[in-house]
Amino acid sequence: MKHLKILLLMAGLAPAVAAHAATIEMTVNGLVCGFCAQGIEKTLRRNAATEDVFVSLEHRLVAVATKPDADIPDETLREALRDSGYDVTAIERTGRSLAEIRAGAAAKP
Amino acid sequence: MWKSCGRKACALALAALPLAAAAKPIAFAHGTTVMAEYGAGTMTEVQAFYAPSYRYSFGGGHLALDSEIDDRSRDITYLRFNVLPKRWNLPTAQANVFAWGGVGRAHVGETGEDEFAWNAGGQFDYETRRVYASLRTDLHESSAFSHRIDTLQLGFAPYAHETNELAVWFVVQAREFTGGLYDGTEVAALLRLFKRNAWIEAGLTQDGKLQAMVMFNF
């Protein structure tokens with residue numbers, strides 16, 4: 001009975017986790033000006049799986065929200081940033097929404 | 001002849017060295033850059049470039065040169081190809097080496113004749129979100145003239161701007177012209193503002209003349 005409850009709980013949580021996992025956060029070298037962000041956004045928005053893009057110069061961060069049930073392979077992301085003229089040093093899929101990331105970036109230390 | 005070739009060789013060598021400048025001739029892949037500069041009455045230039053890749057762009061421009069010393073004037077219309085042979089992406093900084101070359105027609109004011117003209121140049125820049133340095137050289141040649149414009153810019157930002165915030169920079173510019181256009185070094189203090197795809201800078205030279213530039217990327 002206890003195991004059944006755990007399974008039901010996990011099954012209930014799974015869709016929520018999947019829904020929040022549609023944000024890809026990349027750490028990028030070379031982000032120094034607004035023009036950098038403009039070029040990166042333009043490139044990433046060309047991908048059919050992209051819902052929205054956010055770039056933070058302060059946090060060296062490029063975040064991509066993907067459309068439901070869509071993903072962008074790491075190599076495609078690295079190539080997109082390389083073709084924009086920048087270097088990706090890390091890629092992470094997180095449960096943070098783009099709104100949360102924007103709010104976090106806007107909060108000055 | 002040898003003297004002329006020496007100048008050309010020097011200019012080409014300078015183009016390959018770490019030179020720097022303000023606006024970049026390649027903004028980003030699939031981007032179009034339009035810029036116009038008013039250089040204190042000695043030079044006025046408009047340019048438009050399209051970049052299929054962040055590595056190169058092509059386009060054209062018009063450069064008007066009016067000597068501060070005598071009645072020399074040139075109106076040069078050109079097609080140009082820009083390349084980015086080297087970029088360094090650091091965690092909090094970026095540095096670039098650009099080079100370019102092109103051909104066009106020049107109207108020589110004092111003779112009234114039109115000449116074939118070519119140009120070559122280069123630029124090196126280094127920037128963080130608070131510090132900026134660039135050096136640029138631009139050579140324009142024809143059978144009737146040879147002018148090189150060397151520009152050094154050093155800038156600092158009072159705060160580190162974020163993506164959608166207004167960027168404010170204080171810039172000091174030093175510029176020299178060869179070929180009898182200006183005697184000495186022209187120094188200007190500039191205020192540069194940019195946000196998203198628009199850039200504007202303006203200031204005064206030591207002679208009290210306006211130095212200004214606008215640029216749009218889209």
# chains A, B, ... in the order shown; residues from 1 in each chain; ligands from 1
>>> interface_residues(of="chain A", to="chain B", cutoff="9 Å", atoms="only C-alpha atoms", output="VMD selection string")
chain A and resid 28 to 40 42 to 43 54 to 58 60 83 to 87 106
>>> residues_around(residues="Glu201 in chain B", least_positions_apart="6", cutoff="7 Å", atoms="only C-alpha atoms", output="list in words")
Leu190, Leu191, Arg192, Leu193, Ala212, Met213 and Val214 of chain B
>>> atom_distance(atom1="CA of Val88 in chain A", atom2="CA of Ser134 in chain B")
25.3 Å
